[in-house]
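Just final.cif here, mmCIF, C-alpha atoms:
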data_data
loop_
_atom_site.label_atom_id
_atom_site.label_comp_id
_atom_site.auth_asym_id
_atom_site.auth_seq_id
_atom_site.Cartn_x
_atom_site.Cartn_y
_atom_site.Cartn_z
CA MET H 232 109.75 208.07 -15.71
CA SER H 233 106.68 206.12 -14.57
CA VAL H 234 104.12 203.87 -16.19
CA ILE H 235 100.77 205.64 -15.83
CA VAL H 236 97.43 203.97 -16.54
CA LEU H 237 94.44 206.31 -16.79
CA VAL H 238 90.84 205.21 -16.14
CA GLY H 239 87.96 207.62 -16.68
CA GLY H 240 84.63 207.83 -14.94
CA SER H 241 81.13 207.08 -16.19
CA PHE H 242 80.41 207.87 -19.86
CA LEU H 243 84.10 208.43 -20.65
CA GLY H 244 86.80 206.57 -22.56
CA ALA H 245 90.50 207.01 -23.32
CA TRP H 246 89.51 210.11 -25.31
CA ALA H 247 88.71 212.00 -22.09
CA TRP H 248 92.44 212.14 -21.22
CA GLU H 249 93.53 213.73 -24.51
CA ARG H 250 94.30 217.03 -22.78
CA VAL H 251 96.33 215.32 -20.03
CA THR H 252 98.40 212.72 -21.88
CA PRO H 253 100.60 215.20 -23.81
CA ALA H 254 101.62 216.90 -20.55
CA LEU H 255 102.48 213.57 -18.95
CA ALA H 256 104.38 212.45 -22.03
CA LYS H 257 106.44 215.67 -21.91
CA LEU H 258 107.40 214.66 -18.38
CA SER H 259 108.76 211.39 -19.85
CA HIS H 260 106.03 209.12 -18.51
CA ASP H 261 104.70 206.13 -20.43
CA VAL H 262 100.96 206.76 -20.52
CA TYR H 263 98.19 204.23 -21.15
CA PRO H 264 94.68 205.74 -21.21
CA LEU H 265 92.10 202.94 -21.14
CA THR H 266 88.63 202.56 -22.63
CA LEU H 267 86.38 200.21 -20.68
CA THR H 268 83.84 197.87 -22.25
CA GLY H 269 80.79 199.76 -23.52
CA CYS H 270 82.53 203.15 -23.61
CA GLY H 271 84.24 205.24 -26.28
CA ASP H 272 85.54 203.18 -29.18
CA ARG H 273 84.34 200.06 -27.34
CA ALA H 274 80.74 201.26 -27.07
CA HIS H 275 79.59 198.54 -29.45
CA LEU H 276 80.74 195.90 -26.96
CA GLY H 277 78.52 197.11 -24.14
CA THR H 278 75.40 195.14 -23.21
CA ALA H 279 73.01 194.82 -20.31
CA ASP H 280 75.46 192.20 -18.98
CA THR H 281 78.35 194.68 -18.74
CA THR H 282 79.14 195.00 -15.04
CA LEU H 283 81.61 196.45 -12.57
CA THR H 284 83.37 193.08 -12.70
CA THR H 285 83.69 193.45 -16.49
CA HIS H 286 85.42 196.80 -16.06
CA ALA H 287 87.73 195.56 -13.33
CA THR H 288 88.75 192.73 -15.66
CA ASP H 289 89.36 195.26 -18.47
CA ILE H 290 91.85 197.13 -16.28
CA ALA H 291 93.63 194.12 -14.81
CA ALA H 292 93.91 192.47 -18.23
CA ALA H 293 95.30 195.64 -19.85
CA ILE H 294 98.01 195.79 -17.19
CA GLU H 295 98.86 192.10 -17.37
CA VAL H 296 98.80 191.68 -21.15
CA ALA H 297 101.08 194.68 -21.65
CA ASP H 298 103.26 193.36 -18.79
CA LEU H 299 103.11 196.72 -17.03
CA ARG H 300 104.85 197.01 -13.67
CA ASP H 301 105.28 199.74 -11.06
CA VAL H 302 102.07 201.21 -12.38
CA VAL H 303 100.63 204.50 -11.20
CA LEU H 304 96.94 203.72 -11.64
CA VAL H 305 94.89 206.92 -12.00
CA ALA H 306 91.14 206.54 -11.56
CA HIS H 307 88.49 209.23 -11.97
CA SER H 308 85.00 209.23 -10.40
CA TYR H 309 83.23 205.90 -11.09
CA GLY H 310 86.59 204.54 -12.32
CA GLY H 311 87.79 204.38 -8.72
CA ALA H 312 85.63 201.29 -8.17
CA PRO H 313 86.86 199.01 -10.98
CA ALA H 314 90.41 200.32 -10.54
CA THR H 315 90.40 199.33 -6.87
CA ILE H 316 89.09 195.86 -7.68
CA ALA H 317 91.67 195.48 -10.47
CA ALA H 318 94.47 196.60 -8.17
CA SER H 319 93.38 194.01 -5.61
CA ARG H 320 93.91 191.35 -8.29
CA VAL H 321 97.36 192.52 -9.40
CA PRO H 322 98.80 194.39 -6.39
CA ASP H 323 102.35 193.36 -7.22
CA ARG H 324 102.14 195.44 -10.40
CA ILE H 325 100.81 198.63 -8.76
CA ALA H 326 103.09 201.30 -7.30
CA ARG H 327 100.35 203.77 -6.37
CA ILE H 328 96.68 204.45 -6.99
CA VAL H 329 95.69 208.07 -7.63
CA TYR H 330 91.98 208.63 -7.09
CA VAL H 331 90.58 211.76 -8.76
CA ALA H 332 87.24 212.75 -7.20
CA ALA H 333 86.73 209.01 -7.22
CA VAL H 334 84.36 206.45 -5.77
CA ILE H 335 85.98 204.17 -3.20
CA PRO H 336 84.14 200.83 -3.32
CA GLU H 337 83.11 199.00 -0.17
CA PRO H 338 83.54 195.22 -0.01
CA GLY H 339 80.36 193.27 -0.59
CA ARG H 340 78.25 196.29 -1.56
CA THR H 341 77.09 197.79 -4.85
CA LEU H 342 77.78 201.38 -5.89
CA PHE H 343 74.08 202.13 -5.49
CA ASP H 344 74.34 200.78 -1.92
CA ILE H 345 76.90 203.46 -1.01
CA ALA H 346 75.22 206.30 -2.93
CA PRO H 347 73.02 208.84 -1.12
CA PRO H 348 69.37 207.89 -0.56
CA GLY H 349 67.21 208.30 -3.64
CA VAL H 350 70.03 208.15 -6.17
CA GLU H 351 69.23 204.64 -7.40
CA ALA H 352 65.55 205.47 -7.99
CA LEU H 353 66.45 208.70 -9.82
CA VAL H 354 68.99 206.93 -12.02
CA MET H 355 66.68 204.04 -12.81
CA ARG H 356 63.97 206.44 -13.98
CA SER H 357 66.41 207.94 -16.47
CA VAL H 358 67.57 204.47 -17.55
CA GLU H 359 64.01 203.42 -18.33
CA ALA H 360 63.07 206.71 -20.01
CA ASP H 361 66.18 207.46 -22.05
CA GLY H 362 68.63 204.57 -21.70
CA ASP H 363 66.88 201.67 -23.41
CA GLY H 364 66.39 200.05 -20.03
CA TRP H 365 70.10 199.29 -19.45
CA ARG H 366 72.20 202.44 -19.87
CA ILE H 367 72.48 205.55 -17.72
CA PRO H 368 72.14 208.47 -20.19
CA VAL H 369 74.97 210.99 -20.50
CA LEU H 370 74.31 213.83 -18.07
CA ASN H 371 72.14 216.71 -19.24
CA ASP H 372 72.64 220.31 -18.16
CA GLY H 373 70.02 220.04 -15.44
CA ILE H 374 71.81 217.12 -13.78
CA LEU H 375 75.21 218.76 -14.16
CA ASP H 376 74.16 222.05 -12.64
CA THR H 377 72.06 220.52 -9.86
CA PHE H 378 74.36 217.80 -8.58
CA TYR H 379 77.92 218.69 -9.60
CA GLY H 380 78.51 222.03 -7.93
CA ASP H 381 81.05 224.32 -9.60
CA HIS H 382 81.90 221.81 -12.32
CA GLY H 383 83.59 224.40 -14.56
CA LEU H 384 82.47 222.83 -17.84
CA SER H 385 82.09 225.47 -20.55
CA ALA H 386 79.52 225.15 -23.30
CA ALA H 387 82.30 223.86 -25.56
CA ASP H 388 83.41 221.34 -22.92
CA ARG H 389 79.86 220.04 -22.54
CA ALA H 390 79.49 219.69 -26.29
CA TRP H 391 82.79 217.78 -26.47
CA LEU H 392 81.79 215.48 -23.62
CA ARG H 393 78.38 214.73 -25.12
CA ALA H 394 79.69 214.22 -28.64
CA ARG H 395 81.95 211.41 -27.42
CA GLY H 396 80.39 210.25 -24.18
CA VAL H 397 78.34 207.04 -24.13
CA GLY H 398 75.60 205.93 -21.75
CA GLN H 399 76.94 203.91 -18.82
CA PRO H 400 75.73 200.30 -18.45
CA VAL H 401 73.65 200.51 -15.28
CA ASN H 402 74.70 197.09 -14.04
CA THR H 403 78.14 198.53 -13.36
CA TYR H 404 76.39 200.21 -10.42
CA ARG H 405 74.33 197.17 -9.42
CA ASP H 406 77.11 194.59 -9.43
CA ARG H 407 78.36 193.64 -5.97
CA VAL H 408 81.98 194.48 -5.08
CA PRO H 409 84.14 191.50 -4.02
CA GLY H 410 84.18 190.83 -0.31
CA ASP H 411 87.95 191.14 0.05
CA LEU H 412 89.88 194.20 -1.14
CA SER H 413 92.52 193.98 1.57
CA ALA H 414 95.41 193.76 -0.92
CA VAL H 415 94.80 197.41 -1.82
CA GLU H 416 95.30 198.58 1.75
CA ALA H 417 99.04 197.92 1.48
CA LEU H 418 99.37 200.08 -1.64
CA ALA H 419 100.33 203.76 -1.69
CA ARG H 420 97.21 205.80 -2.40
CA THR H 421 96.62 209.46 -3.23
CA TYR H 422 93.17 211.05 -3.20
CA VAL H 423 92.61 214.22 -5.24
CA ILE H 424 89.75 216.32 -3.93
CA CYS H 425 88.22 218.57 -6.58
CA ALA H 426 87.29 221.77 -4.74
CA GLY H 427 84.30 222.51 -6.96
CA ASP H 428 82.55 219.25 -6.07
CA PRO H 429 79.69 219.55 -3.55
CA GLY H 430 81.62 217.30 -1.18
CA PRO H 431 84.51 214.83 -1.41
CA LEU H 432 83.56 211.16 -1.79
CA LEU H 433 86.25 210.32 0.75
CA ALA H 434 86.61 212.26 4.00
CA PRO H 435 89.87 214.24 4.18
CA GLY H 436 92.29 212.66 6.57
CA THR H 437 91.04 209.11 6.03
CA PRO H 438 93.94 206.84 7.05
CA GLY H 439 95.91 205.21 4.25
CA TYR H 440 95.68 208.09 1.77
CA ASP H 441 97.69 211.17 0.88
CA PHE H 442 95.32 214.04 0.09
CA VAL H 443 95.69 216.78 -2.52
CA THR H 444 93.12 219.49 -3.30
CA LEU H 445 92.75 220.69 -6.88
CA ASP H 446 90.93 223.92 -7.71
CA SER H 447 88.63 222.37 -10.29
CA GLY H 448 85.24 220.83 -10.84
CA HIS H 449 84.49 217.13 -11.15
CA TRP H 450 86.17 216.67 -14.55
CA PRO H 451 89.67 218.16 -14.16
CA MET H 452 91.05 216.17 -17.10
CA ILE H 453 88.79 218.43 -19.20
CA THR H 454 88.92 221.72 -17.29
CA ARG H 455 92.35 221.67 -15.56
CA PRO H 456 94.46 219.17 -17.53
CA THR H 457 97.85 220.79 -16.92
CA GLU H 458 97.27 221.07 -13.18
CA LEU H 459 96.02 217.49 -12.99
CA ALA H 460 99.04 216.24 -14.92
CA SER H 461 101.29 218.00 -12.41
CA ILE H 462 99.55 216.31 -9.49
CA ILE H 463 99.86 212.90 -11.17
CA ASP H 464 103.55 213.57 -11.84
CA ASP H 465 104.11 214.52 -8.19
CA ALA H 466 102.34 211.36 -7.05
CA ALA H 467 104.47 209.26 -9.37
CA HIS H 468 107.58 210.62 -7.71
CA THR H 469 106.34 210.22 -4.14
#

Translate this file's structure into structure tokens.
Amino acid sequence: MSVIVLVGGSFLGAWAWERVTPALAKLSHDVYPLTLTGCGDRAHLGTADTTLTTHATDIAAAIEVADLRDVVLVAHSYGGAPATIAASRVPDRIARIVYVAAVIPEPGRTLFDIAPPGVEALVMRSVEADGDGWRIPVLNDGILDTFYGDHGLSAADRAWLRARGVGQPVNTYRDRVPGDLSAVEALARTYVICAGDPGPLLAPGTPGYDFVTLDSGHWPMITRPTELASIIDDAAHT
């Protein structure tokens, strides 16, 4: 049995793991899906001042207040950034980080800094047009189909995601990552490559990580929950 903390990517909350948590519970894990400030049932707490630092504090505080130890910290997509920062604050409580198609933050840089050229300008146009000037709108079909490869989201999946997804506070992407994340380098880390993505956000074979490839699109907790649960279980026993 392991303690597993689940952190979703942009627009998501604890609800996004509803198809994964039963499988992990059946494997006798204690599972804690988190909702970050401004997302899911905490959407009303989000403001223009909600940042990457806010989300890192959410994760670290959830682990500390519940006195969780030997945590397998699972982070999807954007969630890889605040999870890494949180783990650097409480490394003694983390057994392993499992990154699922996740962003790996770089010390001293913003997430826009490490994104491909043109991404920040594209996102900011959508923020101004449809996000009240401070939120990134939930992805429309055009964005999904253009930038997310073989994402595997059915019409029903997209409807479910959009019914519960919430615009992402854009300053989570503009907030600078702390200059020192060295505490994370000593932790066991697994990186799950989703084969349907246009390209992994971390090059296979990067030192310090175990790599696993999952035959799924970018949101495997929605499209391949049983398979993802199995990978998380394997990582917890590694």

**Item:** Output check: residues returned by the PyMOL selection byres ((chain H and resi 292) around 12), as a PyMOL selection string
**Value:** chain H and resi 265+267+284-291+293-299+314+317-318+320-321+324

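Proximity to Pro429 (chain H) was assessed for H:Ala332, H:Leu392, H:Phe343, H:Leu384 counting all atoms listed in the file; the smallest distance is recorded for H:Ala332.
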
**Request:** Check which residues satisfy the PyMOL selection byres ((chain H and resi 368) around 9) in the file shown, then give them as number ranges by chain.
**Result:** H: 242, 354, 357-358, 361-362, 366-367, 369-371, 397-399

**Message:** Counting all atoms listed in the file, which residue out of H:Pro400, H:Pro264, H:Gly349, H:Gly448 sits closest to Val251 (chain H)?
**Reply:**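 Closest residue, counting all atoms listed in the file: H:Pro264.
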
**Request:** Select, from H:Glu359, H:Asp261, H:Asp372, H:Asp441, the residue with the minimum atom-to-atom distance to Val303 (chain H), counting all atoms listed in the file.
**Result:**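 Going through H:Glu359, H:Asp261, H:Asp372, H:Asp441 one by one, the smallest distance to Val303 (chain H) is for H:Asp261.
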
Could you list, with a cut-off of 12 Å and counting all atoms listed in the file, the residues of region 328-392 of chain H near region 452-464 of chain H, each shown with its nearest atom pair and the distance in Å rounded to one decimal, rows sorted by chain and ascending number, as a Markdown table?
| residue | atom | partner | partner_atom | distance |
| --- | --- | --- | --- | --- |
| H:Ile328 | CA | H:Ile463 | CA | 9.9 |
| H:Val329 | CA | H:Ile463 | CA | 7.3 |
| H:Tyr330 | CA | H:Ile463 | CA | 9.8 |
| H:Val331 | CA | H:Leu459 | CA | 9.0 |
| H:Ala332 | CA | H:Met452 | CA | 11.1 |
| H:Asp381 | CA | H:Thr454 | CA | 11.3 |
| H:His382 | CA | H:Thr454 | CA | 8.6 |
| H:Gly383 | CA | H:Thr454 | CA | 6.6 |
| H:Leu384 | CA | H:Thr454 | CA | 6.6 |
| H:Ser385 | CA | H:Thr454 | CA | 8.4 |
| H:Ala386 | CA | H:Thr454 | CA | 11.7 |
| H:Ala387 | CA | H:Ile453 | CA | 10.6 |
| H:Asp388 | CA | H:Ile453 | CA | 7.2 |
| H:Arg389 | CA | H:Ile453 | CA | 9.7 |
| H:Ala390 | CA | H:Ile453 | CA | 11.8 |
| H:Trp391 | CA | H:Ile453 | CA | 9.4 |
| H:Leu392 | CA | H:Ile453 | CA | 8.8 |

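Selection by the PyMOL selection byres ((chain H and resi 447) around 7) on the present file picks out H:Gly383, H:Cys425, H:Ala426, H:Gly427, H:Leu445, H:Asp446, H:Gly448, H:His449, H:Pro451, H:Arg455.
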
For region 365-376 of chain H, what centre and edge lengths in Å (one decimal) does the axis-aligned box get once 8 Å is added on each side of all its listed atoms, as JSON?
{"center_x": 72.6, "center_y": 210.7, "center_z": -16.6, "size_x": 21.2, "size_y": 38.8, "size_z": 23.9}

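Minimum distance to Ala467 (chain H) across H:Asp344, H:Asp323, H:Asp411, H:Asp301 (counting all atoms listed in the file) occurs at H:Asp301.
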
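Minimum atom-to-atom distance to Tyr422 (chain H), evaluated using only C-alpha atoms, belongs to H:Ala333 out of H:Ala256, H:Ala279, H:Ala333, H:Ala394.
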
**Selection: 9 Å around Leu243 (chain H), all atoms listed in the file, excl. self and same-chain fewer than 2 positions, as a PyMOL selection string** = chain H and resi 238-241+245-247+266-267+270-271+392+395-399

**Asked** What does the distance between CA of Glu337 (chain H) and CA of Leu375 (chain H) come to in Å, to one decimal place?
**Response** 25.5 Å

**Asked** CA of Pro409 (chain H) to CA of Ile325 (chain H): how many Å, to one decimal?
**Response**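 Those two atoms sit 18.7 Å apart.
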
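You will find CA of Phe442 (chain H) at 13.1 Å from CA of Arg327 (chain H).
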
Any chance you could tabulate, as CSV, the residues of region 287-347 of chain H at most 7 Å from region 412-418 of chain H with each one's nearest atom pair and distance in Å to one decimal, using all atoms listed in the file, in chain and rising number order?
residue,atom,partner,partner_atom,distance
H:Thr315,CA,H:Val415,CA,7.0
H:Ile316,CA,H:Leu412,CA,6.8
H:Ala318,CA,H:Val415,CA,6.4
H:Ser319,CA,H:Ala414,CA,5.1
H:Pro322,CA,H:Ala414,CA,6.5
H:Ala326,CA,H:Leu418,CA,6.9
H:Arg327,CA,H:Leu418,CA,6.1
H:Pro338,CA,H:Leu412,CA,6.5

**Which of H:Val443, H:Ile424, H:Val350, H:Leu432 sits closest to Tyr404 (chain H) [using only C-alpha atoms]** =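 With only C-alpha atoms as the atom set, the closest residue is H:Val350.
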
**Request:** May I have the residues within 6 Å of Gly339 (chain H) as a list in words, using all atoms listed in the file and disregarding those fewer than 6 positions away in the same chain?
**Result:**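 Residues near the query, excluding close chain neighbours: Arg407, Val408, Pro409 and Gly410 of chain H.
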